[in-house]
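Content type TSV, C-alpha atoms, from the file work.tsv:
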chain	number	residue	atom	x	y	z
A	1	MET	CA	-180.10	108.75	49.36
A	2	ASP	CA	-176.76	107.50	48.11
A	3	HIS	CA	-178.58	104.93	46.06
A	4	VAL	CA	-180.66	107.61	44.30
A	5	ALA	CA	-177.61	109.72	43.68
A	6	HIS	CA	-175.90	106.70	42.21
A	7	GLU	CA	-178.83	106.12	39.86
A	8	LEU	CA	-178.76	109.73	38.77
A	9	ARG	CA	-175.05	109.52	38.04
A	10	SER	CA	-175.59	106.26	36.19
A	11	ALA	CA	-178.29	107.83	34.02
A	12	ASP	CA	-176.10	110.83	33.28
A	13	ALA	CA	-173.22	108.54	32.35
A	14	ASN	CA	-175.52	106.67	30.01
A	15	ARG	CA	-176.53	109.85	28.25
A	16	ALA	CA	-172.85	110.67	27.83
A	17	ASP	CA	-172.17	107.19	26.42
A	18	GLN	CA	-174.97	107.58	23.90
A	19	SER	CA	-173.54	110.86	22.65
A	20	ILE	CA	-170.18	109.20	22.06
A	21	GLY	CA	-171.34	106.30	19.95
A	22	PRO	CA	-173.29	103.04	19.72
A	23	ILE	CA	-173.33	100.78	22.75
A	24	GLY	CA	-174.11	97.09	23.22
A	25	SER	CA	-177.71	96.01	23.62
A	26	SER	CA	-177.14	94.81	27.21
A	27	ALA	CA	-176.06	98.29	28.25
A	28	ARG	CA	-178.75	100.13	26.34
A	29	TYR	CA	-181.27	100.09	29.16
A	30	GLN	CA	-179.81	101.92	32.12
A	31	LEU	CA	-183.18	102.80	33.65
A	32	LEU	CA	-185.64	100.14	32.63
A	33	ASP	CA	-185.88	96.78	34.35
A	34	ILE	CA	-186.58	94.96	31.10
A	35	GLN	CA	-186.89	91.55	32.72
A	36	PHE	CA	-189.61	92.74	35.09
A	37	LEU	CA	-191.47	94.54	32.30
A	38	GLY	CA	-191.50	91.19	30.48
A	39	GLU	CA	-193.01	89.50	33.55
A	40	LEU	CA	-195.68	92.20	33.79
A	41	TYR	CA	-196.70	92.63	30.18
A	42	GLY	CA	-195.42	89.56	28.37
A	43	GLY	CA	-195.10	90.49	24.74
A	44	ASP	CA	-198.06	92.88	24.79
A	45	LYS	CA	-196.23	96.06	23.84
A	46	GLU	CA	-199.42	97.93	23.01
A	47	TYR	CA	-200.69	97.44	26.51
A	48	ALA	CA	-197.28	98.22	28.03
A	49	GLY	CA	-197.27	101.47	26.05
A	50	PHE	CA	-200.73	102.30	27.35
A	51	MET	CA	-199.52	101.82	30.92
A	52	LEU	CA	-196.54	104.12	30.31
A	53	GLU	CA	-198.90	106.79	28.95
A	54	THR	CA	-201.07	106.40	32.04
A	55	PHE	CA	-197.99	106.82	34.22
A	56	LEU	CA	-196.82	109.93	32.42
A	57	ASP	CA	-200.26	111.56	32.13
A	58	SER	CA	-201.95	110.60	35.38
A	59	VAL	CA	-199.44	109.29	37.90
A	60	LEU	CA	-196.46	111.62	37.52
A	61	PRO	CA	-198.59	114.66	38.47
A	62	GLU	CA	-199.40	112.88	41.73
A	63	PHE	CA	-195.69	112.83	42.60
A	64	ALA	CA	-195.87	116.63	42.36
A	65	LEU	CA	-198.62	116.49	45.00
A	66	VAL	CA	-196.33	114.51	47.30
A	67	HIS	CA	-193.67	117.15	46.73
A	68	GLN	CA	-196.06	119.88	47.83
A	69	GLN	CA	-197.11	117.94	50.91
A	70	ILE	CA	-193.49	117.35	51.89
A	71	LEU	CA	-192.65	121.01	51.47
A	72	ALA	CA	-195.63	121.81	53.70
A	73	GLN	CA	-194.55	119.03	56.11
A	74	ASN	CA	-198.03	117.48	56.02
A	75	TRP	CA	-196.66	114.09	57.03
A	76	GLU	CA	-200.09	112.54	57.55
A	77	GLU	CA	-200.83	113.16	53.87
A	78	VAL	CA	-197.44	112.04	52.63
A	79	TYR	CA	-197.56	108.41	53.78
A	80	PRO	CA	-200.77	107.33	51.96
A	81	LEU	CA	-199.59	109.07	48.79
A	82	THR	CA	-196.13	107.49	48.70
A	83	HIS	CA	-197.62	104.13	49.65
A	84	LYS	CA	-200.11	104.38	46.81
A	85	LEU	CA	-197.61	105.55	44.20
A	86	ARG	CA	-194.70	103.24	45.04
A	87	PRO	CA	-195.86	100.20	42.99
A	88	THR	CA	-196.33	102.37	39.90
A	89	LEU	CA	-192.55	102.76	39.55
A	90	PRO	CA	-191.77	99.09	38.79
A	91	MET	CA	-194.79	99.08	36.47
A	92	VAL	CA	-192.86	101.38	34.16
A	93	GLY	CA	-189.55	99.62	34.72
A	94	LEU	CA	-188.19	101.94	37.41
A	95	THR	CA	-187.73	99.24	40.03
A	96	HIS	CA	-184.57	100.94	41.31
A	97	LEU	CA	-186.56	103.98	42.42
A	98	GLU	CA	-188.71	102.04	44.88
A	99	ALA	CA	-185.97	102.00	47.53
A	100	PRO	CA	-186.05	105.72	48.44
A	101	LEU	CA	-189.85	105.60	48.75
A	102	ILE	CA	-189.61	102.59	51.07
A	103	LEU	CA	-187.08	104.54	53.11
A	104	ILE	CA	-189.42	107.54	53.31
A	105	GLU	CA	-192.32	105.31	54.42
A	106	ASN	CA	-190.12	103.85	57.16
A	107	LEU	CA	-188.97	107.29	58.28
A	108	LEU	CA	-192.57	108.48	58.36
A	109	ALA	CA	-193.53	105.50	60.51
A	110	GLU	CA	-190.85	106.55	63.00
A	111	ARG	CA	-192.37	110.06	63.03
A	112	GLU	CA	-189.04	111.79	63.13
A	113	GLN	CA	-186.17	112.94	60.97
A	114	ALA	CA	-188.09	115.50	58.93
A	115	ASP	CA	-184.79	116.77	57.55
A	116	ARG	CA	-183.81	113.30	56.40
A	117	ILE	CA	-187.21	112.74	54.76
A	118	ASN	CA	-186.79	116.05	52.96
A	119	THR	CA	-183.34	115.15	51.74
A	120	VAL	CA	-184.29	111.68	50.53
A	121	TRP	CA	-187.38	113.02	48.83
A	122	GLN	CA	-185.58	115.90	47.10
A	123	ASP	CA	-183.00	113.48	45.79
A	124	PHE	CA	-185.67	111.04	44.60
A	125	TYR	CA	-187.87	113.69	43.02
A	126	THR	CA	-185.02	115.40	41.24
A	127	THR	CA	-183.90	112.04	39.89
A	128	LEU	CA	-187.40	111.15	38.73
A	129	GLN	CA	-187.80	114.46	36.93
A	130	SER	CA	-184.35	114.49	35.39
A	131	GLN	CA	-184.66	110.91	34.20
A	132	GLN	CA	-188.00	111.44	32.46
A	133	PRO	CA	-186.52	112.18	29.01
A	134	LEU	CA	-184.30	109.10	29.24
A	135	LEU	CA	-187.24	107.06	30.54
A	136	GLU	CA	-189.31	108.01	27.52
A	137	ALA	CA	-186.41	107.35	25.14
A	138	GLU	CA	-185.76	103.91	26.60
A	139	TRP	CA	-189.46	103.08	26.47
A	140	GLN	CA	-189.53	104.09	22.83
A	141	ARG	CA	-186.71	101.65	22.16
A	142	TYR	CA	-188.34	98.93	24.29
A	143	LEU	CA	-191.66	99.25	22.49
A	144	THR	CA	-190.10	99.08	19.06
A	145	THR	CA	-187.60	96.29	19.77
A	146	PRO	CA	-188.96	92.85	18.86
A	147	ASP	CA	-188.49	89.84	21.17
A	148	LEU	CA	-188.26	91.88	24.37
B	24	MET	CA	-217.00	77.92	35.57
B	25	MET	CA	-217.28	81.71	35.12
B	26	LEU	CA	-216.43	83.76	38.19
B	27	LYS	CA	-217.87	87.23	38.79
B	28	CYS	CA	-215.20	89.42	40.32
B	29	ILE	CA	-214.65	92.97	41.48
B	30	ILE	CA	-211.42	94.95	41.75
B	31	VAL	CA	-210.91	97.30	44.69
B	32	ASP	CA	-207.85	99.55	44.66
B	33	ASP	CA	-207.28	103.27	45.15
B	34	GLU	CA	-204.43	103.40	42.61
B	35	LEU	CA	-205.25	103.83	38.92
B	36	MET	CA	-202.47	101.72	37.36
B	37	ALA	CA	-203.14	98.84	39.75
B	38	ARG	CA	-206.82	98.89	38.76
B	39	LEU	CA	-206.05	99.03	35.04
B	40	SER	CA	-203.49	96.27	35.28
B	41	LEU	CA	-205.77	93.90	37.21
B	42	GLN	CA	-208.70	94.68	34.94
B	43	ARG	CA	-206.61	93.80	31.91
B	44	LEU	CA	-205.37	90.54	33.44
B	45	CYS	CA	-208.93	89.55	34.43
B	46	GLU	CA	-210.37	90.40	31.02
B	47	GLN	CA	-207.76	88.21	29.36
B	48	HIS	CA	-208.71	85.25	31.55
B	49	GLU	CA	-211.45	83.04	30.15
B	50	SER	CA	-212.96	82.23	33.56
B	51	LEU	CA	-213.23	85.74	34.98
B	52	GLU	CA	-215.87	88.39	34.47
B	53	VAL	CA	-215.16	91.84	35.91
B	54	VAL	CA	-218.44	93.15	37.30
B	55	ALA	CA	-217.05	96.37	38.78
B	56	VAL	CA	-213.83	98.27	39.32
B	57	CYS	CA	-213.91	100.26	42.57
B	58	GLU	CA	-211.66	103.05	43.80
B	59	ASN	CA	-212.51	102.44	47.46
B	60	ALA	CA	-214.09	99.98	49.85
B	61	THR	CA	-217.34	101.92	50.17
B	62	GLN	CA	-218.04	101.58	46.44
B	63	ALA	CA	-217.27	97.88	46.74
B	64	LEU	CA	-219.71	97.42	49.62
B	65	THR	CA	-222.48	98.88	47.45
B	66	ILE	CA	-221.72	96.43	44.64
B	67	LEU	CA	-221.48	93.50	47.04
B	68	ALA	CA	-224.89	94.37	48.51
B	69	GLU	CA	-226.47	94.42	45.05
B	70	GLN	CA	-225.32	91.13	43.57
B	71	PRO	CA	-223.47	87.92	44.34
B	72	ILE	CA	-219.71	88.16	43.73
B	73	ASP	CA	-217.41	85.15	43.61
B	74	LEU	CA	-214.06	86.89	43.94
B	75	ILE	CA	-212.67	90.19	45.25
B	76	TRP	CA	-209.25	91.52	44.25
B	77	LEU	CA	-208.68	93.67	47.28
B	78	ASP	CA	-206.05	96.25	48.14
B	79	VAL	CA	-205.32	96.52	51.86
B	80	GLU	CA	-204.29	100.12	52.51
B	81	MET	CA	-206.81	102.58	51.09
B	82	PRO	CA	-208.10	105.94	52.29
B	83	GLY	CA	-211.21	105.57	54.45
B	84	LEU	CA	-212.08	101.91	54.88
B	85	SER	CA	-209.17	99.51	54.52
B	86	GLY	CA	-209.42	96.15	52.79
B	87	PHE	CA	-209.72	94.44	56.18
B	88	ASP	CA	-212.47	96.90	57.23
B	89	LEU	CA	-214.38	95.83	54.14
B	90	LEU	CA	-213.99	92.14	54.99
B	91	ASP	CA	-215.21	92.85	58.54
B	92	ARG	CA	-218.44	94.26	57.11
B	93	LEU	CA	-219.29	91.24	54.96
B	94	PRO	CA	-221.58	88.60	56.51
B	95	VAL	CA	-220.25	85.95	54.15
B	96	LEU	CA	-216.83	86.16	52.51
B	97	PRO	CA	-216.46	85.33	48.83
B	98	GLN	CA	-213.05	84.26	47.57
B	99	VAL	CA	-210.61	87.07	48.39
B	100	ILE	CA	-207.20	87.82	46.92
B	101	LEU	CA	-205.35	90.54	48.78
B	102	THR	CA	-203.11	92.79	46.71
B	103	THR	CA	-200.59	94.90	48.57
B	104	ILE	CA	-197.06	96.20	48.44
B	105	LYS	CA	-196.32	95.11	52.01
B	106	THR	CA	-195.63	91.61	53.23
B	107	GLU	CA	-196.48	92.54	56.83
B	108	TYR	CA	-200.15	91.76	56.30
B	109	ALA	CA	-199.54	88.07	55.71
B	110	PHE	CA	-200.62	87.13	59.25
B	111	ASP	CA	-203.85	89.14	58.98
B	112	ALA	CA	-204.47	87.59	55.57
B	113	PHE	CA	-204.12	84.16	57.17
B	114	GLN	CA	-206.60	85.14	59.90
B	115	TYR	CA	-209.17	86.16	57.30
B	116	GLN	CA	-208.55	82.92	55.41
B	117	VAL	CA	-208.09	84.76	52.12
B	118	THR	CA	-207.42	82.58	49.12
B	119	ASP	CA	-204.17	84.27	48.12
B	120	TYR	CA	-201.97	87.24	48.89
B	121	LEU	CA	-200.21	89.03	46.02
B	122	LYS	CA	-197.49	91.62	46.13
B	123	LYS	CA	-197.97	94.53	43.74
B	124	PRO	CA	-197.22	94.96	40.91
B	125	ILE	CA	-198.74	91.63	39.95
B	126	THR	CA	-196.94	89.60	37.32
B	127	GLN	CA	-198.82	87.49	34.77
B	128	THR	CA	-197.43	84.23	36.20
B	129	ARG	CA	-198.42	85.05	39.77
B	130	PHE	CA	-201.87	86.19	38.63
B	131	LYS	CA	-202.52	82.84	36.94
B	132	VAL	CA	-201.43	80.91	40.03
B	133	ALA	CA	-203.81	82.95	42.17
B	134	VAL	CA	-206.74	82.37	39.82
B	135	GLU	CA	-206.03	78.64	39.80
B	136	LYS	CA	-206.14	78.64	43.61
B	137	VAL	CA	-209.53	80.34	43.47
B	138	MET	CA	-210.84	77.85	40.91
B	139	THR	CA	-209.69	74.93	43.07
B	140	ALA	CA	-211.35	76.41	46.16
B	141	MET	CA	-214.57	77.06	44.22
B	142	ARG	CA	-214.65	73.50	42.87
B	143	LYS	CA	-214.19	72.12	46.40
B	144	ASN	CA	-217.00	74.31	47.74
B	145	GLU	CA	-219.25	73.19	44.90
B	146	GLN	CA	-218.58	69.52	45.64
B	147	VAL	CA	-219.38	70.06	49.34
B	148	ARG	CA	-222.55	71.93	48.41
B	149	MET	CA	-223.67	69.17	46.05
B	150	VAL	CA	-223.15	66.51	48.72
B	151	ASN	CA	-224.99	68.59	51.32
B	152	ASP	CA	-227.85	69.28	48.90
B	153	LYS	CA	-228.68	65.59	48.69
B	154	ALA	CA	-228.13	64.16	52.14
B	155	ILE	CA	-227.49	64.76	55.80
B	156	PHE	CA	-224.90	62.94	57.90
B	157	VAL	CA	-226.26	61.63	61.20
B	158	LYS	CA	-224.18	60.36	64.11
B	159	ASN	CA	-225.18	56.79	64.88
B	160	ASP	CA	-223.27	54.35	67.12
B	161	GLY	CA	-220.13	56.49	67.06
B	162	ARG	CA	-219.99	57.05	63.32
B	163	TYR	CA	-221.64	59.37	60.82
B	164	VAL	CA	-224.19	57.72	58.56
B	165	ARG	CA	-225.28	59.29	55.31
B	166	VAL	CA	-229.06	59.69	55.18
B	167	PRO	CA	-230.35	60.84	51.78
B	168	TYR	CA	-233.09	63.45	52.01
B	169	ASP	CA	-235.27	61.37	49.70
B	170	SER	CA	-235.25	58.51	52.19
B	171	ILE	CA	-236.51	60.57	55.14
B	172	LEU	CA	-240.26	60.28	55.82
B	173	TYR	CA	-240.55	62.62	58.78
B	174	VAL	CA	-238.80	63.92	61.88
B	175	GLU	CA	-240.35	63.64	65.32
B	176	ASN	CA	-239.50	65.68	68.42
B	177	THR	CA	-238.94	63.55	71.50
B	178	GLY	CA	-237.93	66.14	74.10
B	179	ASP	CA	-234.17	66.70	74.15
B	180	TYR	CA	-233.75	64.55	71.06
B	181	VAL	CA	-235.28	64.28	67.62
B	182	LYS	CA	-236.00	61.06	65.79
B	183	ILE	CA	-235.39	60.90	62.04
B	184	LEU	CA	-237.45	58.18	60.40
B	185	THR	CA	-236.73	56.65	57.04
B	186	GLY	CA	-238.51	53.71	55.43
B	187	GLN	CA	-236.12	51.21	57.02
B	188	GLN	CA	-234.46	52.91	59.98
B	189	SER	CA	-234.79	55.54	62.63
B	190	PHE	CA	-232.00	57.74	64.00
B	191	VAL	CA	-232.12	59.51	67.34
B	192	VAL	CA	-230.11	62.73	67.26
B	193	TYR	CA	-229.31	65.24	70.00
B	194	THR	CA	-230.38	68.48	68.33
B	195	THR	CA	-233.34	70.87	68.13
B	196	MET	CA	-236.22	70.82	65.65
B	197	LYS	CA	-235.35	74.38	64.61
B	198	SER	CA	-231.76	73.51	63.80
B	199	LEU	CA	-232.74	70.42	61.84
B	200	GLU	CA	-235.48	72.31	59.99
B	201	GLU	CA	-232.85	74.82	58.80
B	202	LYS	CA	-230.50	72.06	57.66
B	203	LEU	CA	-233.10	70.06	55.78
B	204	GLY	CA	-234.47	72.95	53.74
B	205	GLY	CA	-236.63	72.83	50.60
B	206	GLN	CA	-238.63	69.64	50.46
B	207	PHE	CA	-239.28	69.56	54.24
B	208	LEU	CA	-241.83	71.50	56.26
B	209	ARG	CA	-242.63	71.78	59.95
B	210	VAL	CA	-246.36	71.03	60.25
B	211	HIS	CA	-246.51	70.77	64.03
B	212	ARG	CA	-244.21	71.67	66.94
B	213	SER	CA	-243.32	67.96	67.13
B	214	TYR	CA	-243.15	67.07	63.44
B	215	ILE	CA	-241.22	67.98	60.29
B	216	ILE	CA	-242.41	66.08	57.24
B	217	ASN	CA	-241.00	65.32	53.82
B	218	LEU	CA	-243.57	66.91	51.48
B	219	ASP	CA	-242.85	64.28	48.84
B	220	LYS	CA	-243.94	61.50	51.22
B	221	ILE	CA	-247.47	62.74	52.05
B	222	VAL	CA	-250.12	60.12	51.26
B	223	ASP	CA	-253.20	62.16	52.16
B	224	ILE	CA	-254.33	65.16	54.14
B	225	GLU	CA	-257.39	65.66	56.31
B	226	GLU	CA	-258.60	68.70	58.21
B	227	THR	CA	-256.24	68.42	61.18
B	228	ASN	CA	-253.78	65.70	60.24
B	229	LEU	CA	-251.95	64.07	57.38
B	230	VAL	CA	-250.54	60.66	56.64
B	231	VAL	CA	-246.91	59.89	55.79
B	232	ALA	CA	-246.32	56.21	55.05
B	233	SER	CA	-248.79	54.77	57.59
B	234	LYS	CA	-248.13	57.37	60.30
B	235	VAL	CA	-250.85	59.88	61.15
B	236	ILE	CA	-249.26	63.24	61.88
B	237	PRO	CA	-251.11	66.22	63.39
B	238	ILE	CA	-251.14	69.58	61.57
B	239	SER	CA	-251.12	72.67	63.76
B	240	ARG	CA	-253.49	75.48	62.84
B	241	ALA	CA	-250.60	77.93	62.50
B	242	ASN	CA	-248.68	75.73	60.06
B	243	LYS	CA	-251.57	74.67	57.85
B	244	PRO	CA	-251.62	77.71	55.49
B	245	GLU	CA	-247.92	77.25	54.73
B	246	LEU	CA	-248.49	73.53	54.13
B	247	MET	CA	-251.39	74.13	51.75
B	248	SER	CA	-249.46	76.82	49.85
B	249	ARG	CA	-246.60	74.38	49.24
B	250	LEU	CA	-248.81	71.68	47.75
B	251	ASN	CA	-249.94	71.33	44.18
B	252	LEU	CA	-253.70	71.47	44.81
B	253	LEU	CA	-256.51	71.12	42.30

For the file at hand, write its structure as structure tokens.
Amino acid sequence: MDHVAHELRSADANRADQSIGPIGSSARYQLLDIQFLGELYGGDKEYAGFMLETFLDSVLPEFALVHQQILAQNWEEVYPLTHKLRPTLPMVGLTHLEAPLILIENLLAEREQADRINTVWQDFYTTLQSQQPLLEAEWQRYLTTPDL
Amino acid sequence: MMLKCIIVDDELMARLSLQRLCEQHESLEVVAVCENATQALTILAEQPIDLIWLDVEMPGLSGFDLLDRLPVLPQVILTTIKTEYAFDAFQYQVTDYLKKPITQTRFKVAVEKVMTAMRKNEQVRMVNDKAIFVKNDGRYVRVPYDSILYVENTGDYVKILTGQQSFVVYTTMKSLEEKLGGQFLRVHRSYIINLDKIVDIEETNLVVASKVIPISRANKPELMSRLNLL
């Protein structure tokens, strides 16, 4: 939970930095794990862009389904959904957001702590939603920057 | 070597990613992309597949459930986000075990493992297609199929006769008949003959080398259908 909150703060700080002025290239990607994207897609930016579109159009709506199932406390439905969706996050460079989903899967396996699951999820989901504009902006930069 | 493969995964981006990696590889042909194990079972029943890229946790049948339903396993690469299945993967003797998302480097290593395994299998198959190894005086002797004239049942043992030697082996006629395959035929409860070694055939017997071998009434139609008669 703290980890997610930290990421959210980090993203907000980045937005603030951008409004102030130009920043160094190493600090330009606060969300994206550029190194891992390179390992996944090599230099094939067209394909990487296609995968981002797939994430935004088809996968993100599935996170909304998880949200509904958590609100309804349908725990049996939550586990397969989070398990399925977890690897999609690093595929769009959001490796740091895997941790809260792993935590939720572990909590679900223990079949307890509904309140904790709720809290971790709310934090994760809020972060994911709030970071979407920055995600898209960083992807735009990634796709148009040569040699990355 | 071109390998026919299928992809089985319930998650869209995993399927797309694997499909792309396979299509970029010169030795892989993607025959089908399946969202679940049931779809995959249908494909596997319809045509021979060399390689399955298989997710473990899926709704309905899991990846391991699918493997349990296959009489013969092709090459299998498990793709999962958990490392806990490594022991099960070992039990199923899968070729490789990849953690999702799959990087390009790791994908290539996995395909190379499959290619190596396929080449080994092919070499074994080629050796077994041409000869049988028979235990003789405490060692295994290679007996080429072409050298075998006939096999004779001698009770608990069978005798394999070649032009120069004979080998007595503790096995059954049925088991040996299955191993020998194509160019051999059982013509009598006590004899399996090499069809290429027949000299002539009469009503109730045939001659291989100088040995007269009886033909049972039940086996004669099969024998005649296998010969090139004028």

Would you give me, as CSV, each residue of chain A having an atom within 9 Å of an atom of chain B, along with its shortest atom pair and that distance in Å to one decimal, using only C-alpha atoms and sorting by chain and residue number?
residue,atom,partner,partner_atom,distance
A:Phe36,CA,B:Thr126,CA,8.3
A:Leu37,CA,B:Thr126,CA,8.9
A:Gly38,CA,B:Thr126,CA,8.9
A:Glu39,CA,B:Thr126,CA,5.4
A:Leu40,CA,B:Thr126,CA,4.6
A:Tyr41,CA,B:Gln127,CA,7.2
A:Gly42,CA,B:Gln127,CA,7.5
A:Tyr47,CA,B:Arg43,CA,8.8
A:Met51,CA,B:Met36,CA,7.1
A:Thr54,CA,B:Met36,CA,7.2
A:Phe55,CA,B:Met36,CA,7.5
A:Ser58,CA,B:Leu35,CA,8.3
A:Val59,CA,B:Leu35,CA,8.0
A:Pro80,CA,B:Pro82,CA,7.5
A:His83,CA,B:Ile104,CA,8.0
A:Lys84,CA,B:Glu34,CA,6.1
A:Leu85,CA,B:Glu34,CA,7.3
A:Arg86,CA,B:Ile104,CA,8.2
A:Pro87,CA,B:Pro124,CA,5.8
A:Thr88,CA,B:Met36,CA,6.7
A:Pro90,CA,B:Pro124,CA,7.2
A:Met91,CA,B:Pro124,CA,6.5

* **Shell around Val95 (chain B) at 12 Å using all atoms listed in the file, local window under 5 positions removed, as a PyMOL selection string** => chain B and resi 67-68+71-74+89-90+115

* At most 12 Å from (-234.0, 74.1, 56.4), file frame, all atoms listed in the file: which residues, as a ChimeraX atom specification? -> /B:151-152,155,168,196-209,215-217

Close residues, Glu175 (chain B) itself excluded, 9 Å, all atoms listed in the file, min 4 positions apart in chain, as a compact mmCIF listing (two decimals) with C-alpha atoms, in the frame of the given file:
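This is the output file out-v1.txt:
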# COMPACT_ATOMS: atom_id res chain seq x y z
CA TYR B 180 -233.75 64.55 71.06
CA VAL B 181 -235.28 64.28 67.62
CA LYS B 182 -236.00 61.06 65.79
CA ILE B 183 -235.39 60.90 62.04
CA LEU B 184 -237.45 58.18 60.40
CA MET B 196 -236.22 70.82 65.65
CA SER B 213 -243.32 67.96 67.13
CA TYR B 214 -243.15 67.07 63.44
CA ILE B 215 -241.22 67.98 60.29
CA ILE B 216 -242.41 66.08 57.24

* **Selected residue, from B:Ala60, B:Ser189, B:Glu225, B:Leu246, that lies nearest to His211 (chain B) when counting only C-alpha atoms** =>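 Comparing B:Ala60, B:Ser189, B:Glu225, B:Leu246 against His211 (chain B), the winner is B:Leu246.
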
Edge lengths and centre in Å, axis-aligned, region 53-71 of chain A plus 4 Å each side, as AutoDock Vina command-line options:
--center_x -197.3 --center_y 113.7 --center_z 40.4 --size_x 17.3 --size_y 22.6 --size_z 30.9

* To do: Determine the nearest neighbour of Ala114 (chain A) from the options A:Asp44, A:Pro61, A:Gln30, A:Gln73, counting all atoms listed in the file.
  =>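 With all atoms listed in the file as the atom set, the closest residue is A:Gln73.
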
* Asked: Out of A:Gly93, A:Glu62, A:Gln68, A:Leu31, which residue has the shortest atom-to-atom distance to Leu81 (chain A) when counting only C-alpha atoms?
  ->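 So, comparing all the options, the nearest one is A:Glu62.
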
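For the set A:Trp75, A:Gln69, A:Ala99, A:Leu135, the residue with the smallest atom-to-atom gap to Gln113 (chain A) is A:Trp75, counting only C-alpha atoms.
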
Using all atoms listed in the file, determine which residues lie at most 12 Å from Asn74 (chain A), disregarding the query and same-chain residues fewer than 3 positions distant; provide the list as a compact mmCIF listing (two decimals) with C-alpha atoms, in the coordinates of the input.
# COMPACT_ATOMS: atom_id res chain seq x y z
CA LEU A 65 -198.62 116.49 45.00
CA VAL A 66 -196.33 114.51 47.30
CA HIS A 67 -193.67 117.15 46.73
CA GLN A 68 -196.06 119.88 47.83
CA GLN A 69 -197.11 117.94 50.91
CA ILE A 70 -193.49 117.35 51.89
CA LEU A 71 -192.65 121.01 51.47
CA GLU A 77 -200.83 113.16 53.87
CA VAL A 78 -197.44 112.04 52.63
CA TYR A 79 -197.56 108.41 53.78
CA PRO A 80 -200.77 107.33 51.96
CA LEU A 81 -199.59 109.07 48.79
CA LEU A 108 -192.57 108.48 58.36
CA ARG A 111 -192.37 110.06 63.03
CA ALA A 114 -188.09 115.50 58.93
CA ILE A 117 -187.21 112.74 54.76
CA ASN A 118 -186.79 116.05 52.96

* **For Lys243 (chain B), the nearest of the candidates B:Leu64, B:Val164, B:Val210, B:Leu93, counting all atoms listed in the file** => B:Val210

* To do: Take CA of Lys27 (chain B) and CA of Val54 (chain B) and report the distance between them in Å, one decimal.
  =>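 CA of Val54 (chain B) lies at a distance of 6.1 Å from CA of Lys27 (chain B).
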
* B:Met247, B:Gln114, B:Ser239, B:Ser233 ranked by distance to Leu218 (chain B), top pick (using all atoms listed in the file) ->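 Among the listed residues, B:Met247 lies closest to Leu218 (chain B).
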